[in-house]
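*Asks:* Here it is, the structure, as C-alpha cells.
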Amino acid sequence: EIGEEIKVSLNFEGRYKWIVFLPSKMHPSTGVLNRYYGVMENGKIKVRGIETRRRDTPKFVCDAQMEMIKVLASANNSREFVDRIPDALKVVRECRQKLLAGEIPIWDLIVTKHLSKHPKNYKQKVSQVIAAEQLQKEGLEVTAGKNVRFLFTSAESKRYERRVKAEELIEENTNSDIRKYLLLLYTAAASLLSPFGYSTKDIYDSVRGYQYKELVLP
C-alpha cells in the first residue's frame, strides 16, 4: 500500500526481534536512521554506522563490539535485551584482560586512516599524517587518496612522532599504547549502550568491577 501511494517499489526484507537506533551526535536525545544495530526474527544481525562497520576501527575493537551484539542477539524483546547487558559487558571485561595480558596480536590493533590530501598540506599532525611522514622518511612514496595503516604507540606524547608507528615500520620490540586501545574499546561499547544511559566512563566502571547500572523499562 505504501509503494502504491508513493509510486516507489518496496520489498519486505524481514521483521526485527528488536532494533536499537543510536542517538545523533548533534542531538543526543534523538535517534538517527543511519546508525543502528538489530536482530531479525531469522537471527540475522544487521548493523549500520557503528564502529564495527568503519574501516578506521582496529580489528580488536570490531571483534569486541560484534561479540557484544551477538550476546545481545539472543534477546527476543527489549526486556530480555536489558537483562543481557551485564553479559555484554563481560565481553568488554574479557577483551580488556586479554589486551592487558598481551594476548591480542599487534596486527589486530592496526588502525587504517585515509589521506584526503598530500601529507604536507595538512595543518595538524593527525595520526595518519604522522605515519605518512614516517614512511616518507624511509623513502616510500605517499600520495593523496592513499590509506595509511599504523599502530598507536604513545597517543598522548608531546613529541608527535612518537604517537604512532606506520605498519611497515613496526618491529618486534614495538609496543602499543594500551591506554589508547582500552579507550577505543570502552568508547565502542558505550556507543552500543548509550541509549540505555551508558557513557564511556560507565563502561570503564563496569569492567573494573563497579556496580552495573540499574535500568528500568517503562
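Residue numbers start at 1 in each chain; chains themselves are named A, B, ... in the order of the C-alpha cells; ligands are numbered from 1 in the order shown.
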Using only C-alpha atoms, determine which residues lie at most 9 Å from Val47 in chain A, disregarding the query and same-chain residues fewer than 3 positions distant; provide the list as a list in words.
*Replies:* Arg35, Tyr36, Tyr37, Gly38, Val39, Ile50, Thr52 and Arg53 of chain A
*Asks:* Please build the interface table for range 120-151 of chain A against range 167-181 of chain A with a cut-off of 10 Å, listing for each qualifying residue the nearest atom pair and the distance in Å to one decimal; count only C-alpha atoms, order rows by chain and increasing number, and write it as a Markdown table.
*Replies:*
```
| residue | atom | partner | partner_atom | distance |
| --- | --- | --- | --- | --- |
| A:Ala131 | CA | A:Glu167 | CA | 8.3 |
| A:Gln134 | CA | A:Leu169 | CA | 8.3 |
| A:Leu135 | CA | A:Glu168 | CA | 7.8 |
| A:Glu138 | CA | A:Leu169 | CA | 9.0 |
| A:Val148 | CA | A:Glu167 | CA | 8.2 |
| A:Arg149 | CA | A:Glu167 | CA | 5.5 |
| A:Phe150 | CA | A:Glu167 | CA | 4.7 |
| A:Leu151 | CA | A:Glu167 | CA | 6.5 |
```
*Asks:* Selection from above, N, CA and C atoms, as a tab-separated table (two decimals), in the first residue's frame, can you write it?
*Replies:*
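Generated output (again-v6.tsv):
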```tsv
chain	number	residue	atom	x	y	z
A	131	ALA	N	52.12	9.04	10.50
A	131	ALA	CA	52.53	7.77	9.92
A	131	ALA	C	53.04	7.96	8.49
A	134	GLN	N	56.50	9.32	8.48
A	134	GLN	CA	57.46	8.27	8.83
A	134	GLN	C	57.83	7.46	7.59
A	135	LEU	N	56.83	7.15	6.78
A	135	LEU	CA	57.08	6.38	5.56
A	135	LEU	C	57.90	7.19	4.56
A	138	GLU	N	61.50	7.14	5.14
A	138	GLU	CA	62.12	5.87	4.74
A	138	GLU	C	62.19	5.72	3.22
A	148	VAL	N	46.57	4.90	5.00
A	148	VAL	CA	47.75	4.70	5.82
A	148	VAL	C	47.38	3.86	7.03
A	149	ARG	N	48.17	2.84	7.30
A	149	ARG	CA	47.90	1.93	8.41
A	149	ARG	C	48.99	2.11	9.47
A	150	PHE	N	48.56	2.17	10.73
A	150	PHE	CA	49.52	2.45	11.79
A	150	PHE	C	49.05	1.89	13.12
A	151	LEU	N	49.99	1.89	14.07
A	151	LEU	CA	49.73	1.44	15.43
A	151	LEU	C	49.87	2.63	16.38
```
*Asks:* List as number ranges by chain the protein and nucleic acid residues near Thr30 in chain A, meaning an atom at most 12 Å away when only C-alpha atoms are counted, but skip any in the same chain fewer than 4 places from it.
*Replies:* A: 20-26, 35, 194-195
*Asks:* From the DSSP assignment of the backbone, select every residue of range 13-203 of chain A that is alpha helix (DSSP H), and format the answer as a PyMOL selection string.
*Replies:* chain A and resi 59-72+78-83+85-100+127-137+178-193+200-203
*Asks:* Between A:Arg93, A:Lys137, A:Lys17, A:Arg162, single out the one closest to Lys125 in chain A, counting only C-alpha atoms.
*Replies:*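 Result for the nearest residue to Lys125 in chain A: A:Arg162.
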*Asks:* Please identify all polymer residues within 6 Å of range 199-208 of chain A, counting only C-alpha atoms, omitting same-chain residues fewer than 6 positions from it, and present them as a PyMOL selection string.
*Replies:* chain A and resi 93+186-187+190
*Asks:* Distance CA of Pro105 in chain A-CA of Gln128 in chain A, one decimal place?
*Replies:*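 Value for the CA of Pro105 in chain A-CA of Gln128 in chain A distance: 21.1 Å.
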*Asks:* Would you pick out the contacts of Thr57 in chain A at 10 Å or less, using only C-alpha atoms, so that residues sharing its chain but fewer than 2 positions from it are not included, and give the list as a CSV table (one decimal) with N, CA and C atoms, in the first residue's frame?
*Replies:*
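Resulting contents of around12.csv:
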```csv
chain,number,residue,atom,x,y,z
A,50,ILE,N,28.1,2.0,12.8
A,50,ILE,CA,28.8,1.8,14.1
A,50,ILE,C,30.2,1.4,13.9
A,51,GLU,N,31.0,1.4,14.9
A,51,GLU,CA,32.4,1.2,14.8
A,51,GLU,C,32.8,-0.1,14.0
A,52,THR,N,32.1,-1.2,14.2
A,52,THR,CA,32.5,-2.4,13.5
A,52,THR,C,32.3,-2.3,12.0
A,53,ARG,N,31.6,-1.3,11.5
A,53,ARG,CA,31.5,-1.1,10.1
A,53,ARG,C,32.5,0.0,9.5
A,54,ARG,N,33.2,0.6,10.4
A,54,ARG,CA,34.2,1.6,10.0
A,54,ARG,C,35.5,1.1,9.7
A,55,ARG,N,36.2,1.5,8.6
A,55,ARG,CA,37.5,0.9,8.2
A,55,ARG,C,38.6,1.4,9.2
A,59,LYS,N,40.8,-4.2,14.3
A,59,LYS,CA,40.1,-5.5,14.4
A,59,LYS,C,39.7,-5.9,15.8
A,60,PHE,N,40.6,-5.6,16.8
A,60,PHE,CA,40.4,-5.9,18.2
A,60,PHE,C,39.1,-5.3,18.7
A,61,VAL,N,38.8,-4.0,18.3
A,61,VAL,CA,37.6,-3.3,18.7
A,61,VAL,C,36.4,-3.8,17.9
A,62,CYS,N,36.6,-4.0,16.6
A,62,CYS,CA,35.5,-4.6,15.8
A,62,CYS,C,35.0,-5.9,16.4
A,63,ASP,N,35.9,-6.8,16.7
A,63,ASP,CA,35.6,-8.1,17.2
A,63,ASP,C,34.8,-8.0,18.5
A,108,ASP,N,46.2,-7.0,15.2
A,108,ASP,CA,44.7,-6.7,15.4
A,108,ASP,C,44.5,-5.3,16.0
A,109,LEU,N,45.6,-4.6,16.2
A,109,LEU,CA,45.4,-3.2,16.8
A,109,LEU,C,45.7,-2.1,15.7
A,110,ILE,N,46.0,-2.6,14.5
A,110,ILE,CA,46.3,-1.6,13.4
A,110,ILE,C,45.1,-0.8,13.1
A,111,VAL,N,45.3,0.5,12.9
A,111,VAL,CA,44.2,1.4,12.5
A,111,VAL,C,44.5,1.9,11.1
A,112,THR,N,43.4,2.0,10.3
A,112,THR,CA,43.5,2.5,8.9
A,112,THR,C,42.9,3.8,8.8
A,113,LYS,N,43.6,4.8,8.2
A,113,LYS,CA,43.1,6.1,8.0
A,113,LYS,C,43.4,6.6,6.6
A,184,LEU,N,39.5,3.1,23.2
A,184,LEU,CA,38.7,2.8,21.9
A,184,LEU,C,37.7,1.7,22.2
A,185,LEU,N,38.1,0.7,23.0
A,185,LEU,CA,37.2,-0.4,23.4
A,185,LEU,C,36.0,0.1,24.2
A,188,ALA,N,33.6,2.2,22.0
A,188,ALA,CA,32.8,1.3,21.1
A,188,ALA,C,31.7,0.7,21.9
```
*Asks:* Between A:Arg15, A:Lys120, A:Lys146, A:Lys7, which is the closest to Glu41 in chain A once you count only C-alpha atoms?
*Replies:* A:Arg15
*Asks:* With distances taken over only C-alpha atoms, which of A:Leu33, A:Tyr198, A:Ala88, A:Glu141 is nearest to Ala64 in chain A?
*Replies:* A:Ala88
*Asks:* Check the DSSP output for the backbone and give back, as a VMD selection string, the residues of chain A in strand (DSSP E).
*Replies:* chain A and resid 16 to 23 31 to 40 45 to 48 111 to 114 147 to 152 164 to 166
*Asks:* Could you give me, as a ChimeraX atom specification, the residues within 10 Å of Asp83 in chain A, counting only C-alpha atoms and dropping anything in the same chain fewer than 5 positions from it?
*Replies:* /A:72,75,78,88,215
*Asks:* Calculate how many Å separate CA of Gln97 in chain A from CA of Met68 in chain A, rounding to one decimal.
*Replies:*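 A separation of 15.5 Å between them.
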